[in-house]
$ cat query07.cif   # mmCIF, C-alpha atoms and all ligand atoms
data_coords
loop_
_atom_site.label_atom_id
_atom_site.label_comp_id
_atom_site.auth_asym_id
_atom_site.auth_seq_id
_atom_site.Cartn_x
_atom_site.Cartn_y
_atom_site.Cartn_z
CA MET A 11 -68.12 53.31 -27.69
CA THR A 12 -68.91 49.86 -26.42
CA SER A 13 -67.73 50.23 -22.88
CA PHE A 14 -68.17 52.99 -20.34
CA ALA A 15 -64.83 54.68 -21.15
CA GLY A 16 -62.60 55.13 -18.15
CA GLN A 17 -65.09 53.43 -15.85
CA PRO A 18 -63.20 52.34 -12.74
CA GLN A 19 -63.20 48.60 -12.35
CA ALA A 20 -63.69 46.81 -9.06
CA ARG A 21 -60.36 45.39 -7.98
CA PRO A 22 -60.75 41.61 -8.08
CA GLN A 23 -60.21 40.22 -4.60
CA ALA A 24 -61.10 36.59 -5.06
CA GLN A 25 -62.90 34.22 -7.37
CA THR A 26 -66.54 33.62 -6.60
CA GLY A 27 -66.89 30.61 -4.37
CA SER A 28 -63.32 30.70 -3.01
CA PRO A 29 -63.10 30.57 0.78
CA ALA A 30 -63.60 33.86 2.62
CA ALA A 31 -60.40 33.12 4.53
CA THR A 32 -58.29 33.72 1.42
CA ILE A 33 -59.54 37.28 1.02
CA ASP A 34 -57.51 40.11 2.51
CA TRP A 35 -60.36 41.79 4.34
CA ALA A 36 -58.15 44.65 5.54
CA ARG A 37 -57.54 45.55 1.89
CA VAL A 38 -61.24 45.26 1.17
CA ARG A 39 -61.95 47.67 4.01
CA ALA A 40 -59.46 50.13 2.54
CA ASP A 41 -61.68 50.32 -0.56
CA PHE A 42 -64.21 52.31 1.52
CA PRO A 43 -62.93 55.90 1.91
CA LEU A 44 -65.51 56.95 4.48
CA LEU A 45 -64.43 54.26 6.93
CA GLN A 46 -61.14 56.11 7.40
CA ARG A 47 -62.75 59.14 9.04
CA GLU A 48 -63.09 60.04 12.68
CA VAL A 49 -66.25 60.95 14.55
CA ASN A 50 -66.08 62.93 17.79
CA GLY A 51 -62.32 62.54 17.80
CA LYS A 52 -62.52 58.72 17.66
CA PRO A 53 -62.07 56.38 14.70
CA LEU A 54 -65.51 55.77 13.22
CA LEU A 55 -67.13 52.44 14.06
CA TYR A 56 -69.84 52.13 11.42
CA PHE A 57 -72.34 49.55 12.66
CA ASP A 58 -75.35 50.88 10.76
CA SER A 59 -75.10 49.16 7.41
CA ALA A 60 -78.69 47.87 7.57
CA ASN A 61 -79.71 51.52 7.41
CA THR A 62 -77.48 52.30 4.48
CA GLY A 63 -74.26 50.66 3.35
CA GLN A 64 -70.96 52.45 2.78
CA LYS A 65 -69.68 52.78 -0.80
CA PRO A 66 -66.42 51.52 -2.23
CA ALA A 67 -64.26 53.94 -4.20
CA SER A 68 -65.14 52.16 -7.46
CA VAL A 69 -68.83 53.09 -7.01
CA ILE A 70 -68.07 56.69 -6.06
CA GLU A 71 -65.67 57.04 -9.00
CA THR A 72 -68.15 55.51 -11.43
CA VAL A 73 -70.80 58.08 -10.52
CA ASP A 74 -68.19 60.85 -10.66
CA MET A 75 -66.98 59.63 -14.06
CA PHE A 76 -70.51 59.54 -15.44
CA TYR A 77 -71.10 63.19 -14.65
CA ARG A 78 -67.62 64.23 -15.78
CA ARG A 79 -67.57 62.42 -19.12
CA HIS A 80 -70.83 60.83 -20.18
CA ASN A 81 -73.75 62.76 -18.73
CA ALA A 82 -76.75 62.63 -21.07
CA ASN A 83 -80.32 61.42 -20.89
CA VAL A 84 -81.07 57.78 -21.71
CA SER A 85 -83.13 56.34 -24.56
CA ARG A 86 -83.74 59.72 -26.21
CA ALA A 87 -80.70 61.35 -27.79
CA VAL A 88 -78.99 59.72 -30.77
CA HIS A 89 -75.79 61.63 -30.13
CA THR A 90 -72.68 59.92 -28.76
CA LEU A 91 -73.16 60.90 -25.14
CA GLY A 92 -76.79 59.77 -25.29
CA SER A 93 -75.85 56.34 -26.57
CA GLU A 94 -73.00 56.03 -24.05
CA ALA A 95 -75.38 56.83 -21.19
CA THR A 96 -78.04 54.45 -22.50
CA GLU A 97 -75.51 51.68 -23.00
CA ALA A 98 -74.09 52.06 -19.50
CA TYR A 99 -77.58 52.25 -17.97
CA GLU A 100 -78.75 49.09 -19.73
CA ALA A 101 -75.45 47.38 -18.87
CA ALA A 102 -76.23 48.06 -15.20
CA ARG A 103 -79.64 46.42 -15.64
CA ALA A 104 -77.94 43.39 -17.21
CA LYS A 105 -75.44 43.16 -14.32
CA LEU A 106 -78.24 43.29 -11.76
CA ALA A 107 -80.09 40.58 -13.67
CA SER A 108 -77.16 38.22 -13.84
CA PHE A 109 -76.32 38.93 -10.15
CA THR A 110 -79.81 37.74 -9.18
CA ASN A 111 -80.23 35.10 -11.92
CA VAL A 112 -83.16 36.61 -13.80
CA ARG A 113 -83.77 38.15 -17.23
CA ALA A 114 -82.81 41.81 -17.61
CA ASP A 115 -86.10 42.57 -19.35
CA ASP A 116 -87.98 41.51 -16.24
CA LEU A 117 -86.18 44.02 -13.98
CA ILE A 118 -87.71 47.44 -13.41
CA LEU A 119 -85.16 49.99 -12.23
CA CYS A 120 -86.68 52.35 -9.68
CA SER A 121 -85.82 54.44 -6.63
CA GLY A 122 -85.82 51.54 -4.18
CA THR A 123 -87.90 48.99 -2.36
CA THR A 124 -90.50 51.51 -1.22
CA PHE A 125 -91.22 52.52 -4.81
CA ALA A 126 -91.10 48.90 -5.98
CA ILE A 127 -93.70 47.67 -3.49
CA ASN A 128 -95.95 50.66 -4.13
CA LEU A 129 -95.76 49.82 -7.83
CA VAL A 130 -97.04 46.31 -7.11
CA ALA A 131 -99.71 47.68 -4.77
CA TYR A 132 -101.08 50.19 -7.26
CA SER A 133 -100.54 48.31 -10.48
CA TRP A 134 -101.15 44.68 -9.51
CA ALA A 135 -103.31 44.76 -6.36
CA LEU A 136 -105.54 47.80 -6.78
CA PRO A 137 -107.26 46.68 -10.01
CA ARG A 138 -107.60 43.06 -8.87
CA LEU A 139 -108.51 42.85 -5.21
CA GLY A 140 -111.75 43.65 -3.44
CA PRO A 141 -113.96 42.87 -0.46
CA GLY A 142 -113.62 39.26 0.65
CA ASP A 143 -109.96 39.10 -0.40
CA THR A 144 -107.12 39.02 2.10
CA ILE A 145 -103.53 40.26 2.03
CA LEU A 146 -101.34 38.34 4.46
CA LEU A 147 -98.24 40.09 5.86
CA THR A 148 -95.72 38.83 8.35
CA ARG A 149 -95.24 40.49 11.72
CA MET A 150 -91.65 41.37 10.84
CA GLU A 151 -92.35 43.55 7.76
CA HIS A 152 -90.79 46.98 7.31
CA HIS A 153 -93.42 49.72 6.97
CA ALA A 154 -92.59 49.72 3.22
CA ASN A 155 -94.27 46.32 3.02
CA ILE A 156 -97.22 47.26 5.23
CA VAL A 157 -98.41 50.78 4.48
CA PRO A 158 -98.82 50.36 0.67
CA TRP A 159 -101.14 47.41 1.38
CA GLN A 160 -103.11 49.46 3.89
CA LEU A 161 -103.60 52.11 1.21
CA VAL A 162 -104.87 49.37 -1.11
CA ALA A 163 -107.15 48.06 1.64
CA ALA A 164 -108.61 51.51 2.24
CA ARG A 165 -109.56 51.77 -1.44
CA THR A 166 -110.70 48.21 -2.12
CA GLY A 167 -112.10 46.78 1.12
CA VAL A 168 -109.44 44.06 1.22
CA THR A 169 -108.69 42.62 4.67
CA ILE A 170 -105.12 42.57 6.01
CA LYS A 171 -104.07 39.68 8.21
CA VAL A 172 -100.83 39.02 10.05
CA ALA A 173 -98.62 35.93 10.11
CA GLU A 174 -97.11 35.82 13.57
CA ILE A 175 -93.60 35.09 14.76
CA THR A 176 -92.13 33.05 17.61
CA PRO A 177 -90.63 34.75 20.68
CA GLU A 178 -87.19 34.15 19.12
CA GLY A 179 -88.24 36.18 16.10
CA ALA A 180 -88.63 33.39 13.53
CA LEU A 181 -91.73 33.03 11.41
CA ASP A 182 -94.19 30.54 12.87
CA LEU A 183 -94.35 28.44 9.71
CA ASP A 184 -97.21 26.17 10.83
CA ALA A 185 -99.32 29.21 11.59
CA LEU A 186 -98.27 30.83 8.33
CA TYR A 187 -99.26 27.83 6.21
CA ALA A 188 -102.52 27.45 8.12
CA ALA A 189 -103.23 31.11 7.32
CA LEU A 190 -102.87 30.55 3.56
CA THR A 191 -106.63 30.12 3.14
CA PRO A 192 -108.52 30.55 -0.17
CA ASP A 193 -109.37 34.20 0.56
CA VAL A 194 -105.65 35.09 0.67
CA LYS A 195 -104.65 36.57 -2.68
CA LEU A 196 -101.26 38.05 -1.79
CA LEU A 197 -98.53 37.30 0.73
CA GLY A 198 -95.94 39.97 1.56
CA LEU A 199 -92.80 38.82 3.34
CA ALA A 200 -89.30 39.98 4.09
CA HIS A 201 -86.44 37.80 2.94
CA VAL A 202 -84.38 39.08 5.91
CA SER A 203 -85.76 41.14 8.80
CA ASN A 204 -84.17 44.58 9.15
CA VAL A 205 -84.69 44.49 12.93
CA LEU A 206 -84.10 40.87 13.94
CA GLY A 207 -81.77 39.74 11.18
CA THR A 208 -83.93 36.63 10.79
CA VAL A 209 -83.46 34.95 7.40
CA ASN A 210 -86.80 33.57 6.29
CA PRO A 211 -87.11 30.37 4.22
CA VAL A 212 -88.58 32.33 1.32
CA ARG A 213 -88.15 29.57 -1.22
CA GLU A 214 -90.22 27.09 0.77
CA ILE A 215 -92.83 29.71 1.68
CA CYS A 216 -93.21 30.91 -1.93
CA ARG A 217 -93.63 27.29 -3.08
CA GLU A 218 -96.43 26.74 -0.54
CA ALA A 219 -98.12 30.00 -1.53
CA ARG A 220 -97.85 29.23 -5.23
CA ARG A 221 -99.42 25.78 -4.74
CA ARG A 222 -102.42 27.64 -3.39
CA GLY A 223 -102.46 30.25 -6.16
CA ILE A 224 -101.31 33.06 -3.85
CA VAL A 225 -99.11 35.81 -5.28
CA THR A 226 -95.93 36.52 -3.29
CA VAL A 227 -94.10 39.82 -2.85
CA VAL A 228 -90.67 39.34 -1.29
CA ASP A 229 -88.86 42.32 0.22
CA GLY A 230 -85.19 41.53 -0.38
CA SER A 231 -83.77 44.85 0.92
CA GLN A 232 -81.77 43.20 3.69
CA ALA A 233 -80.91 40.02 1.81
CA LEU A 234 -78.96 41.36 -1.17
CA PRO A 235 -76.24 42.99 0.96
CA HIS A 236 -75.53 39.82 2.93
CA MET A 237 -75.87 36.68 0.81
CA PRO A 238 -76.15 35.26 -2.70
CA VAL A 239 -79.73 35.77 -3.90
CA ASP A 240 -81.12 33.66 -6.74
CA ILE A 241 -84.50 35.21 -7.45
CA ALA A 242 -85.41 32.58 -10.03
CA ALA A 243 -84.82 29.80 -7.49
CA ILE A 244 -86.89 31.58 -4.82
CA GLY A 245 -89.89 31.38 -7.12
CA SER A 246 -91.81 34.43 -5.87
CA ASP A 247 -94.06 36.53 -8.09
CA PHE A 248 -92.35 39.79 -7.18
CA TYR A 249 -88.98 40.51 -5.58
CA ALA A 250 -87.96 44.03 -4.54
CA PHE A 251 -84.66 45.42 -3.36
CA THR A 252 -82.89 48.65 -2.77
CA GLY A 253 -79.44 49.66 -4.06
CA HIS A 254 -78.08 51.79 -1.24
CA LYS A 255 -77.85 48.92 1.23
CA MET A 256 -75.69 46.88 -1.17
CA CYS A 257 -72.87 49.39 -1.71
CA GLY A 258 -74.82 51.30 -4.37
CA PRO A 259 -75.98 54.93 -4.48
CA THR A 260 -79.16 56.11 -2.75
CA GLY A 261 -82.31 56.40 -4.84
CA THR A 262 -81.67 53.18 -6.71
CA GLY A 263 -83.46 49.86 -6.63
CA VAL A 264 -85.14 47.05 -8.46
CA LEU A 265 -88.47 45.38 -8.84
CA TRP A 266 -88.36 41.98 -10.47
CA ALA A 267 -91.66 40.43 -11.56
CA ARG A 268 -92.78 37.35 -13.41
CA ARG A 269 -93.30 38.16 -17.06
CA GLU A 270 -97.00 37.28 -16.96
CA HIS A 271 -97.54 40.02 -14.34
CA LEU A 272 -95.43 42.58 -16.17
CA ASP A 273 -97.45 42.04 -19.34
CA ALA A 274 -100.81 42.11 -17.57
CA MET A 275 -100.22 45.04 -15.23
CA PRO A 276 -101.14 48.60 -16.26
CA PRO A 277 -98.46 51.29 -15.90
CA PHE A 278 -98.04 52.81 -12.47
CA LEU A 279 -96.91 56.29 -13.57
CA GLY A 280 -97.45 57.93 -16.95
CA GLY A 281 -95.05 60.17 -18.84
CA GLY A 282 -92.06 60.08 -21.13
CA GLU A 283 -90.04 56.91 -21.78
CA MET A 284 -92.93 54.55 -21.01
CA ILE A 285 -94.79 54.97 -24.32
CA LYS A 286 -94.58 53.83 -27.94
CA GLU A 287 -97.03 56.39 -29.29
CA VAL A 288 -99.10 59.14 -27.71
CA ARG A 289 -102.20 60.60 -29.36
CA PHE A 290 -104.91 62.63 -27.73
CA ASP A 291 -107.33 59.78 -28.36
CA GLY A 292 -105.11 57.19 -26.70
CA THR A 293 -101.59 56.04 -25.92
CA VAL A 294 -99.75 52.86 -26.81
CA PHE A 295 -97.50 51.89 -23.92
CA ASN A 296 -93.98 50.61 -24.23
CA ASP A 297 -93.19 47.01 -23.32
CA ALA A 298 -92.07 46.13 -19.80
CA PRO A 299 -89.79 47.03 -18.14
CA HIS A 300 -89.90 50.47 -19.83
CA LYS A 301 -93.69 50.63 -19.40
CA PHE A 302 -92.98 51.06 -15.68
CA GLU A 303 -90.10 53.53 -15.96
CA ALA A 304 -91.77 56.86 -16.69
CA GLY A 305 -89.60 59.95 -16.77
CA THR A 306 -85.87 60.46 -16.51
CA PRO A 307 -84.50 57.80 -14.18
CA ASN A 308 -81.60 57.94 -11.73
CA ILE A 309 -79.11 57.26 -14.50
CA ALA A 310 -75.86 57.92 -12.63
CA GLY A 311 -77.19 56.10 -9.58
CA HIS A 312 -78.04 52.92 -11.44
CA ILE A 313 -74.75 52.95 -13.32
CA GLY A 314 -73.16 53.28 -9.87
CA LEU A 315 -75.27 50.35 -8.69
CA GLY A 316 -73.90 48.34 -11.61
CA ALA A 317 -70.40 49.15 -10.28
CA ALA A 318 -71.54 47.97 -6.82
CA VAL A 319 -72.62 44.67 -8.38
CA ASP A 320 -69.19 44.38 -10.03
CA TYR A 321 -67.57 45.03 -6.69
CA LEU A 322 -69.68 42.51 -4.74
CA SER A 323 -69.24 39.94 -7.53
CA SER A 324 -65.48 40.36 -7.33
CA LEU A 325 -65.67 39.45 -3.63
CA GLY A 326 -68.19 36.66 -4.19
CA MET A 327 -71.40 36.81 -2.18
CA ALA A 328 -70.73 33.41 -0.62
CA ASN A 329 -67.49 34.89 0.76
CA VAL A 330 -69.35 37.95 2.00
CA ALA A 331 -71.87 35.70 3.78
CA ALA A 332 -69.11 33.59 5.36
CA ARG A 333 -67.18 36.67 6.51
CA GLU A 334 -70.28 38.21 8.06
CA ALA A 335 -71.25 34.94 9.76
CA GLU A 336 -67.85 34.96 11.54
CA LEU A 337 -68.23 38.59 12.57
CA LEU A 338 -71.78 37.98 13.78
CA ALA A 339 -70.80 34.94 15.87
CA HIS A 340 -68.03 36.95 17.53
CA PHE A 341 -70.28 39.95 18.08
CA GLN A 342 -73.18 38.01 19.57
CA GLU A 343 -70.88 36.06 21.87
CA GLU A 344 -69.43 39.31 23.23
CA LEU A 345 -72.84 40.93 23.55
CA ARG A 346 -74.26 37.98 25.50
CA ALA A 347 -71.55 38.55 28.14
CA VAL A 348 -72.63 42.18 28.73
CA GLU A 349 -74.63 42.38 31.94
CA GLY A 350 -78.19 43.66 31.52
CA LEU A 351 -78.11 43.40 27.73
CA ARG A 352 -81.04 41.74 25.97
CA ILE A 353 -80.78 40.66 22.35
CA ILE A 354 -84.08 40.86 20.48
CA GLY A 355 -84.18 38.30 17.69
CA THR A 356 -82.41 35.04 18.35
CA ALA A 357 -83.64 32.88 15.48
CA PRO A 358 -81.01 30.36 14.32
CA ALA A 359 -80.91 31.66 10.73
CA LYS A 360 -79.64 35.19 11.10
CA ALA A 361 -77.88 37.85 9.06
CA ALA A 362 -75.46 40.29 10.72
CA VAL A 363 -78.15 42.51 12.22
CA VAL A 364 -78.53 42.62 16.01
CA SER A 365 -81.19 44.51 17.95
CA PHE A 366 -80.64 44.92 21.65
CA LEU A 367 -81.67 46.78 24.78
CA LEU A 368 -79.62 47.69 27.80
CA GLU A 369 -81.55 47.43 31.07
CA GLY A 370 -82.66 50.80 32.43
CA THR A 371 -81.49 52.75 29.37
CA HIS A 372 -83.50 54.22 26.52
CA ALA A 373 -82.25 53.12 23.10
CA HIS A 374 -81.82 56.74 21.95
CA ASP A 375 -79.72 57.63 25.01
CA LEU A 376 -77.55 54.59 24.40
CA ALA A 377 -77.09 55.45 20.71
CA THR A 378 -76.26 59.07 21.56
CA LEU A 379 -73.62 58.08 24.10
CA LEU A 380 -72.19 55.51 21.70
CA ASP A 381 -71.93 58.23 19.05
CA LEU A 382 -69.68 60.18 21.40
CA GLU A 383 -67.37 57.15 21.24
CA GLY A 384 -67.44 57.28 17.44
CA VAL A 385 -69.91 54.40 17.19
CA ALA A 386 -72.77 54.63 14.67
CA VAL A 387 -75.78 52.44 15.53
CA ARG A 388 -79.41 53.04 14.80
CA SER A 389 -81.94 53.46 17.58
CA GLY A 390 -85.71 53.65 17.28
CA HIS A 391 -88.51 51.56 15.84
CA HIS A 392 -86.62 50.80 12.61
CA CYS A 393 -89.78 51.37 10.52
CA ALA A 394 -91.25 48.25 12.10
CA HIS A 395 -93.83 49.42 14.67
CA PRO A 396 -95.79 46.12 14.65
CA LEU A 397 -92.61 44.24 15.56
CA MET A 398 -91.90 46.65 18.44
CA GLN A 399 -95.49 46.07 19.62
CA PHE A 400 -94.92 42.29 19.55
CA PHE A 401 -91.83 42.59 21.77
CA GLY A 402 -93.50 45.19 24.00
CA VAL A 403 -90.82 47.83 23.45
CA ALA A 404 -90.91 51.34 21.99
CA ALA A 405 -87.46 51.16 20.46
CA THR A 406 -84.27 49.14 20.26
CA CYS A 407 -80.66 49.81 19.44
CA ARG A 408 -79.61 48.06 16.26
CA ALA A 409 -76.05 47.25 15.35
CA SER A 410 -75.66 45.97 11.82
CA LEU A 411 -72.41 44.75 10.34
CA ALA A 412 -71.05 44.36 6.87
CA PHE A 413 -68.10 42.47 5.42
CA TYR A 414 -65.99 45.64 5.75
CA ASN A 415 -66.23 45.58 9.54
CA THR A 416 -63.52 43.85 11.54
CA HIS A 417 -63.12 41.67 14.63
CA GLU A 418 -61.13 44.49 16.18
CA GLU A 419 -64.12 46.80 15.70
CA VAL A 420 -66.32 44.26 17.46
CA GLU A 421 -63.96 44.42 20.45
CA ARG A 422 -63.95 48.22 20.35
CA PHE A 423 -67.73 48.28 20.18
CA ILE A 424 -67.97 46.14 23.30
CA ALA A 425 -65.43 48.35 25.11
CA ALA A 426 -67.47 51.43 24.17
CA LEU A 427 -70.63 49.71 25.42
CA HIS A 428 -69.00 48.96 28.79
CA LYS A 429 -67.83 52.55 29.07
CA VAL A 430 -71.31 53.87 28.34
CA ARG A 431 -72.85 51.42 30.80
CA LYS A 432 -70.59 52.71 33.57
CA LEU A 433 -71.46 56.31 32.68
CA LEU A 434 -75.14 55.47 32.96
CA GLY A 435 -74.47 54.01 36.41
N1 LIG B 1 -87.61 46.94 3.54
C1 LIG B 1 -86.65 46.72 4.43
C2 LIG B 1 -86.55 45.36 5.07
C3 LIG B 1 -85.74 47.71 4.76
O1 LIG B 1 -84.78 47.49 5.66
C4 LIG B 1 -85.87 48.98 4.13
C5 LIG B 1 -84.96 50.09 4.48
O2 LIG B 1 -84.64 50.32 5.62
C6 LIG B 1 -86.89 49.15 3.20
C7 LIG B 1 -87.74 48.12 2.92
C8 LIG B 1 -87.08 50.47 2.49
O3 LIG B 1 -86.04 50.72 1.62
P1 LIG B 1 -85.95 52.11 0.83
O4 LIG B 1 -86.12 53.19 1.88
O5 LIG B 1 -84.60 52.11 0.23
O6 LIG B 1 -87.05 52.11 -0.15
#
$ encode --input "query07.cif" --output "structure tokens"
Amino acid sequence: MTSFAGQPQARPQAQTGSPAATIDWARVRADFPLLQREVNGKPLLYFDSANTGQKPASVIETVDMFYRRHNANVSRAVHTLGSEATEAYEAARAKLASFTNVRADDLILCSGTTFAINLVAYSWALPRLGPGDTILLTRMEHHANIVPWQLVAARTGVTIKVAEITPEGALDLDALYAALTPDVKLLGLAHVSNVLGTVNPVREICREARRRGIVTVVDGSQALPHMPVDIAAIGSDFYAFTGHKMCGPTGTGVLWARREHLDAMPPFLGGGEMIKEVRFDGTVFNDAPHKFEAGTPNIAGHIGLGAAVDYLSSLGMANVAAREAELLAHFQEELRAVEGLRIIGTAPAKAAVVSFLLEGTHAHDLATLLDLEGVAVRSGHHCAHPLMQFFGVAATCRASLAFYNTHEEVERFIAALHKVRKLLG
């Protein structure tokens, strides 16, 4: 078998690069079964895609099909099912590579961004860094790009410093570049903030860091779902992302690394799959990426993520970005007209993620009352305590949109918000 027999194909909606206006977005929305359901007797308004994205039928059916027809372990069995599973798994890696413009052999498939950044922390940073070295992190990092470095610091004596942001929630680039001093060995930065939606100029920042010999770790979790991402053009040393925010199954993700790092880094976890030969007097490791993929991976999940890549490619990420920019402009305009509402994060370059507070109301109360109206938003610290500390708040409400949302939903969201506001007096 050369193809994943019976694998559902994403229905082509448009050619990559064609204008978003030519896509029938209502039909696209119909590809997502869950969006048809009701919550609390109201049609669901899913505005929590930054938390996890909904899945098109083609992804759900691909995972279903794998377990119904092809289920076997990868890279071990020589029987037909084993080679079908391996072929489909490696095909998913190849799709992810071409989607992000890198070589498939430089992509490690893993459980998500959290795992990916921990891999870099333990395998790249731990053996290399020590007292006198600094890790620079931006104020807007998710805990997944903070805590692993703190664990490294606790074991090595490395210092952690912070690159600050402006009150609008953009990176203060002058301060950032001034902070790239010779003691800085690693810079960790988000491509897109999960709280503010700010899109950081990662290409320019990575170029500046590289000129100074500083290794860069870019957290792309919130970028991949919203825009075309060309990892090769960004020029970082490491780029991590998670599959479940980009229409893929949970427990899937990617770490891309420059080849020189992959070859030089020791394995993170030991076990099956990551070896060439094991003897009691020593083990010869496999080549990267397999050296970093110990144990049975999330086979069905990554094959499903490959289907998500097919689906997003059929839409065209430039079209997705254009569609979401329209929805965001509409949404922010409506929100600004709501009395007592404060948007947190107003940088000019923004993805469709909006944090806000309603005067006199706790974010959790607001989210709970919105849920009664069928509206799903996230409330809390969004795994970004240092950012909450910067804005002097304990929590925010966060509404995050995807291309499958509609202008009508934006209107309904605002109506629900007004209703809740009245209820709260
Ligand atoms: N980084 C950012 C910016 C995120 O938004 C998230 C998820 O919310 C993560 C990292 C962690 O992703 P995962 O839990 O899939 O590892």
$ residues_near_ligand --input "query07.cif" --ligand "ligand LIG 1 (chain B)" --cutoff "6 Å" --atoms "only C-alpha atoms and all ligand atoms" --output "MDAnalysis selection string"
chainID A and resid 61 122:124 152 154 203:204 229 231:232 252
$ residues_around --input "query07.cif" --residues "stretch 72-80 of chain A" --least-positions-apart "4" --cutoff "7 Å" --atoms "only C-alpha atoms" --output "list in words"
Gln17, Pro18, Ser68, Leu91, Glu94, Ala95, Ala310, Gly311, Gly314 and Ala317 of chain A
$ closest_residue --input "query07.cif" --among "A:His417, A:His372, A:Lys360, A:His395" --to "A:Asn210" --atoms "all atoms listed in the file"
A:Lys360
$ closest_residue --input "query07.cif" --among "A:Val112, A:Ala377, A:Leu434, A:Leu190" --to "A:Tyr249" --atoms "all atoms listed in the file"
A:Val112
$ closest_residue --input "query07.cif" --among "A:Lys105, A:Ile353, A:Ser324, A:Ala60" --to "A:Ala233" --atoms "all atoms listed in the file"
A:Ala60
